[in-house]
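Below: one structure, written as structure tokens.
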Amino acid sequence: MFDPGVPVVLLRIDPNPFHHGTLGAVRSLGRCGVEVHVAAEADRSPVARSRFVSQMHPPPPPGAPLAEIAATLRRTAARVGRPAVLIPMDDAGAIAVSRLGGALAGPYLLPDQPDGLAEHVADKARLPELCRGLGIAHPATVEPRDEQEAAAAVGSLGPQVVAKWSRPWLLPPDAGLRSTSLISTPQEARSLYRSGRGTGSALLLQKHLAAGGGDWFCHGYADRLGRLHGGGTGSKRRAWPRGAGLTAVGRWSPVAELQSMVERLIGELRYRGIFDIDFRVDPDSGRHCLLDFNPRPGAQFRLFADAGGLDAVRAQYLDLTQQRLPAGRPLPGRTFVVENYAPLTALHALASRALPAQRSSPLRELAWHAPDDPAPARHMAAEWSRHAARRLLRRPAPGPAGPAVHPGHPDHRTEPPAAAHPTPAERKASC
């Protein structure tokens with residue numbers, strides 16, 4: 001029995017309006033009758049159109065100091081009017097909430113996370129040492145101290161190098177810097193190093209592992225006793241952008257070795273809460289190399305919604321509200337498709353849904369389209385078309401350029417229309 005009596009607040013500081021993971025969390029809990037509040041940018045956001053959003057709240061601005069984030073969360077709590085489960089949906093929010101800890105313990109229900117652990121695992125410069133200490137493979141990584149070292153690393157690490165930032169949540173939204181990109185020339189490395197000065201995030205250059213062994217990820221929730229729920233291991237079938245991008249098409253693909261490695265990692269760290277950990281197989285050694293540890297839900301966390309509807313977000317809600325966590329009922333082979341990043345796959349999925357036998361299939365989920373919540377998909381399609389058109393108009397004339405920028409940041413504002421909200425009984429009926 002799912003008791004939806006405690007509200008939830010989803011926090012997203014990153015202003016990207018196309019974050020489908022936030023919509024997934026809204027729907028996951030809203031369908032069970034939970035009162036869902038979202039502290040995130042509402043302008044241009046398809047999430048704000050969801051019938052399962054009870055109320056949108058102003059978020060802290062990107063780069064806000066900790067005191068301002070705390071004040072924003074206290075104002076949101078006052079509007080909600082009673083204690084709520086708080087779930088950060090991006091790294092900046094997760095690290096801020098982890099730092100604030102006890103200061104939020106009255107108005108919010110939070111996992112009992114060891115001090116500083118969320119920031120420790122999210123800092124990509126600390127991952128090599130962390131992996132060495134636990135016997136987990138990690139690609140060769142260089143943290144250059146100047147432009148010359150950055151340029152030299154390109155040749156020493158291979159013909160292509162993964163460039164990433166140690167603390168991507170600190171990058172200014174208008175800096176035009178992707179959290180991860182592929183580069184192949186010393187000039188690109190020098191340019192990135194210069195661009196990162198003063199951001200508080202160090203440039204890291206990492207050996208590029210060929211994609212032959214595949215990209216993998218593991219999601220889940222570690223409860224108060226460290227037991228894992230609501231997740232599993234998945235494979236990235238298609239990425240956007242290619243080579244160093246997010247999951248456009250994912251598949252639930254159990255790998256016992258990978259699951260065991262993650263369970264050991266979570267246990268050794270005494271990590272509590274939702275996690276999203278990325279891996280890639282090293283084709284030379286055949287080992288799974290840990291690439292990223294994100295202390296919050298991954299955008300594709302709904303891939304791991306099991307036969308009983310349990311996912312990482314519902315698991316956290318149940319655990320923090322002192323409810324029983326049911327045994328998992330895995331759905332190996334389940335797929336998750338992000339329509340704006342994999343349109344052909346999404347069209348095929350929508351065509352399949354038109355067949356009576358496929359309408360209620362639990363083995364596929366689209367990020368935006370949902371028969372019981374159609375407005376976000378319509379708004380996403382309209383906004384994405386305008387977004388693509390603006391990018392084409394802004395495209396510079398051919399010439400030397402740095403690594404491509406992830407096109408997720410908003411560049412204009414519109415007023416969202418009022419959304420029609422279901423009653424709690426209607427929400428709970430679909431859980």
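If you're wondering about the labels, chains in the structure tokens are A, B, ... by order shown, residues count from 1 in each chain, ligands from 1 in order shown.
By chain and then residue number, the residues within 8 Å of stretch 153-155 of chain A are Val142, Pro144, Val161, Ser184, Thr185, Pro186, Ala189 and Leu205 of chain A, counting only C-alpha atoms and disregarding those fewer than 6 positions away in sequence.
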- Item | Spatial neighbours of stretch 98-106 of chain A, max dist 12 Å, only C-alpha atoms, sep filter under 5 positions, as a PyMOL selection string | chain A and resi 65-78+81-88+91-93+111-122+271-273+295-296+320
Using C-alpha atoms, can you export the residues from the last selection as a PDB file, in the first residue's frame?
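Generated output (result39.pdb):
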```pdb
ATOM      1  CA  PRO A  65      25.923  30.816  -2.968  1.00  0.00           C
ATOM      2  CA  LEU A  66      24.929  28.249  -0.380  1.00  0.00           C
ATOM      3  CA  ALA A  67      23.135  30.809   1.786  1.00  0.00           C
ATOM      4  CA  GLU A  68      20.897  31.835  -1.108  1.00  0.00           C
ATOM      5  CA  ILE A  69      20.059  28.201  -1.923  1.00  0.00           C
ATOM      6  CA  ALA A  70      19.156  27.625   1.729  1.00  0.00           C
ATOM      7  CA  ALA A  71      16.937  30.716   1.779  1.00  0.00           C
ATOM      8  CA  THR A  72      15.198  29.619  -1.427  1.00  0.00           C
ATOM      9  CA  LEU A  73      14.515  26.157  -0.030  1.00  0.00           C
ATOM     10  CA  ARG A  74      13.164  27.647   3.220  1.00  0.00           C
ATOM     11  CA  ARG A  75      10.773  29.869   1.220  1.00  0.00           C
ATOM     12  CA  THR A  76       9.628  26.848  -0.766  1.00  0.00           C
ATOM     13  CA  ALA A  77       9.090  24.869   2.441  1.00  0.00           C
ATOM     14  CA  ALA A  78       6.982  27.705   3.836  1.00  0.00           C
ATOM     15  CA  GLY A  81       3.409  24.232   4.591  1.00  0.00           C
ATOM     16  CA  ARG A  82       4.479  20.844   5.977  1.00  0.00           C
ATOM     17  CA  PRO A  83       7.557  18.594   5.939  1.00  0.00           C
ATOM     18  CA  ALA A  84       8.370  17.237   2.481  1.00  0.00           C
ATOM     19  CA  VAL A  85      10.755  14.767   0.873  1.00  0.00           C
ATOM     20  CA  LEU A  86      13.444  16.773  -0.953  1.00  0.00           C
ATOM     21  CA  ILE A  87      15.018  15.262  -4.081  1.00  0.00           C
ATOM     22  CA  PRO A  88      17.705  17.256  -5.963  1.00  0.00           C
ATOM     23  CA  ASP A  91      24.664  17.931  -9.188  1.00  0.00           C
ATOM     24  CA  ALA A  92      24.536  21.542  -7.995  1.00  0.00           C
ATOM     25  CA  GLY A  93      21.377  20.860  -6.022  1.00  0.00           C
ATOM     26  CA  PRO A 111      18.826  10.540   3.427  1.00  0.00           C
ATOM     27  CA  ASP A 112      21.407  10.304   6.209  1.00  0.00           C
ATOM     28  CA  GLN A 113      24.411  10.927   3.953  1.00  0.00           C
ATOM     29  CA  PRO A 114      27.964  11.127   5.412  1.00  0.00           C
ATOM     30  CA  ASP A 115      29.218  14.730   5.476  1.00  0.00           C
ATOM     31  CA  GLY A 116      30.851  15.833   2.232  1.00  0.00           C
ATOM     32  CA  LEU A 117      30.341  12.490   0.473  1.00  0.00           C
ATOM     33  CA  ALA A 118      28.071  13.770  -2.315  1.00  0.00           C
ATOM     34  CA  GLU A 119      30.623  16.399  -3.332  1.00  0.00           C
ATOM     35  CA  HIS A 120      33.489  13.918  -2.980  1.00  0.00           C
ATOM     36  CA  VAL A 121      32.009  11.380  -5.414  1.00  0.00           C
ATOM     37  CA  ALA A 122      30.772  14.040  -7.863  1.00  0.00           C
ATOM     38  CA  TYR A 271      26.578   6.140   0.537  1.00  0.00           C
ATOM     39  CA  ARG A 272      22.885   6.840   1.173  1.00  0.00           C
ATOM     40  CA  GLY A 273      20.444   8.179  -1.404  1.00  0.00           C
ATOM     41  CA  PRO A 295      24.821  11.717  -6.459  1.00  0.00           C
ATOM     42  CA  ARG A 296      21.287  12.231  -7.806  1.00  0.00           C
ATOM     43  CA  LEU A 320      12.092   8.459   3.966  1.00  0.00           C
TER      44      LEU A 320
END
```
- Query: Near stretch 379-393 of chain A, within 8 Å and counting only C-alpha atoms, which residues show up once chain neighbours fewer than 4 positions away are dropped, as number ranges by chain?
  - Reply: A: 18, 44-46, 49, 340, 368, 375
- From stretch 76-260 of chain A, collect each residue whose DSSP state is strand (DSSP E) and return the set as a PyMOL selection string. chain A and resi 84-88+108-109+141-142+161-165+180-183+203-207+215-222+228-240+246-252
Could you give me, as a PDB file with C-alpha atoms, in the first residue's frame, the residues within 12 Å of A:His208, counting only C-alpha atoms and dropping anything in the same chain fewer than 3 positions from it?
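So the final result, stored in out-v4.pdb, reads:
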```pdb
ATOM      1  CA  HIS A 138      39.372   3.967 -14.212  1.00  0.00           C
ATOM      2  CA  PRO A 139      40.757   5.444 -17.462  1.00  0.00           C
ATOM      3  CA  ALA A 140      44.144   7.177 -17.364  1.00  0.00           C
ATOM      4  CA  THR A 141      43.480  10.808 -16.462  1.00  0.00           C
ATOM      5  CA  ALA A 153      48.415  15.343 -22.719  1.00  0.00           C
ATOM      6  CA  VAL A 154      46.567  15.098 -26.029  1.00  0.00           C
ATOM      7  CA  GLY A 155      49.444  13.248 -27.619  1.00  0.00           C
ATOM      8  CA  SER A 156      50.288  11.084 -24.622  1.00  0.00           C
ATOM      9  CA  LEU A 157      46.725   9.866 -24.013  1.00  0.00           C
ATOM     10  CA  GLY A 158      45.955   8.957 -27.611  1.00  0.00           C
ATOM     11  CA  PRO A 159      44.657  10.446 -30.870  1.00  0.00           C
ATOM     12  CA  GLN A 160      41.327  11.332 -29.237  1.00  0.00           C
ATOM     13  CA  VAL A 161      40.981  12.550 -25.666  1.00  0.00           C
ATOM     14  CA  VAL A 162      37.951  13.009 -23.430  1.00  0.00           C
ATOM     15  CA  ALA A 163      37.927  16.525 -21.981  1.00  0.00           C
ATOM     16  CA  LYS A 164      35.800  16.974 -18.879  1.00  0.00           C
ATOM     17  CA  THR A 180      32.263  16.419 -21.456  1.00  0.00           C
ATOM     18  CA  SER A 181      33.612  16.593 -25.007  1.00  0.00           C
ATOM     19  CA  LEU A 182      35.960  14.777 -27.366  1.00  0.00           C
ATOM     20  CA  ILE A 183      39.034  16.636 -28.596  1.00  0.00           C
ATOM     21  CA  SER A 184      41.920  15.607 -30.851  1.00  0.00           C
ATOM     22  CA  LEU A 205      41.963  15.063 -19.904  1.00  0.00           C
ATOM     23  CA  ALA A 211      32.938   2.305 -27.660  1.00  0.00           C
ATOM     24  CA  GLY A 212      33.281  -1.311 -28.814  1.00  0.00           C
ATOM     25  CA  GLY A 243      30.688   9.665 -28.356  1.00  0.00           C
ATOM     26  CA  ALA A 244      30.344  11.697 -25.159  1.00  0.00           C
ATOM     27  CA  ARG A 280      32.632   2.107 -20.212  1.00  0.00           C
ATOM     28  CA  VAL A 281      34.371  -1.145 -21.028  1.00  0.00           C
ATOM     29  CA  ASP A 282      38.092  -0.819 -21.767  1.00  0.00           C
ATOM     30  CA  PRO A 283      38.556  -2.820 -25.006  1.00  0.00           C
ATOM     31  CA  ASP A 284      42.178  -3.593 -24.098  1.00  0.00           C
ATOM     32  CA  CYS A 289      35.942   1.471 -16.049  1.00  0.00           C
ATOM     33  CA  LEU A 291      33.680   7.245 -15.520  1.00  0.00           C
TER      34      LEU A 291
END
```
- Task: Measuring atom to atom with only C-alpha atoms, identify which of A:Thr321, A:Gly63, A:Arg237, A:Tyr108 is nearest to A:Gly200.
- Result: A:Gly63
- Pick out the residues sitting within 12 Å of A:Arg324, and hand them over as an NGL selection string; count only C-alpha atoms, and ignore anything fewer than 2 positions along from it in its own chain. :A and (1-3 or 223 or 229 or 310 or 314-322 or 326-327)
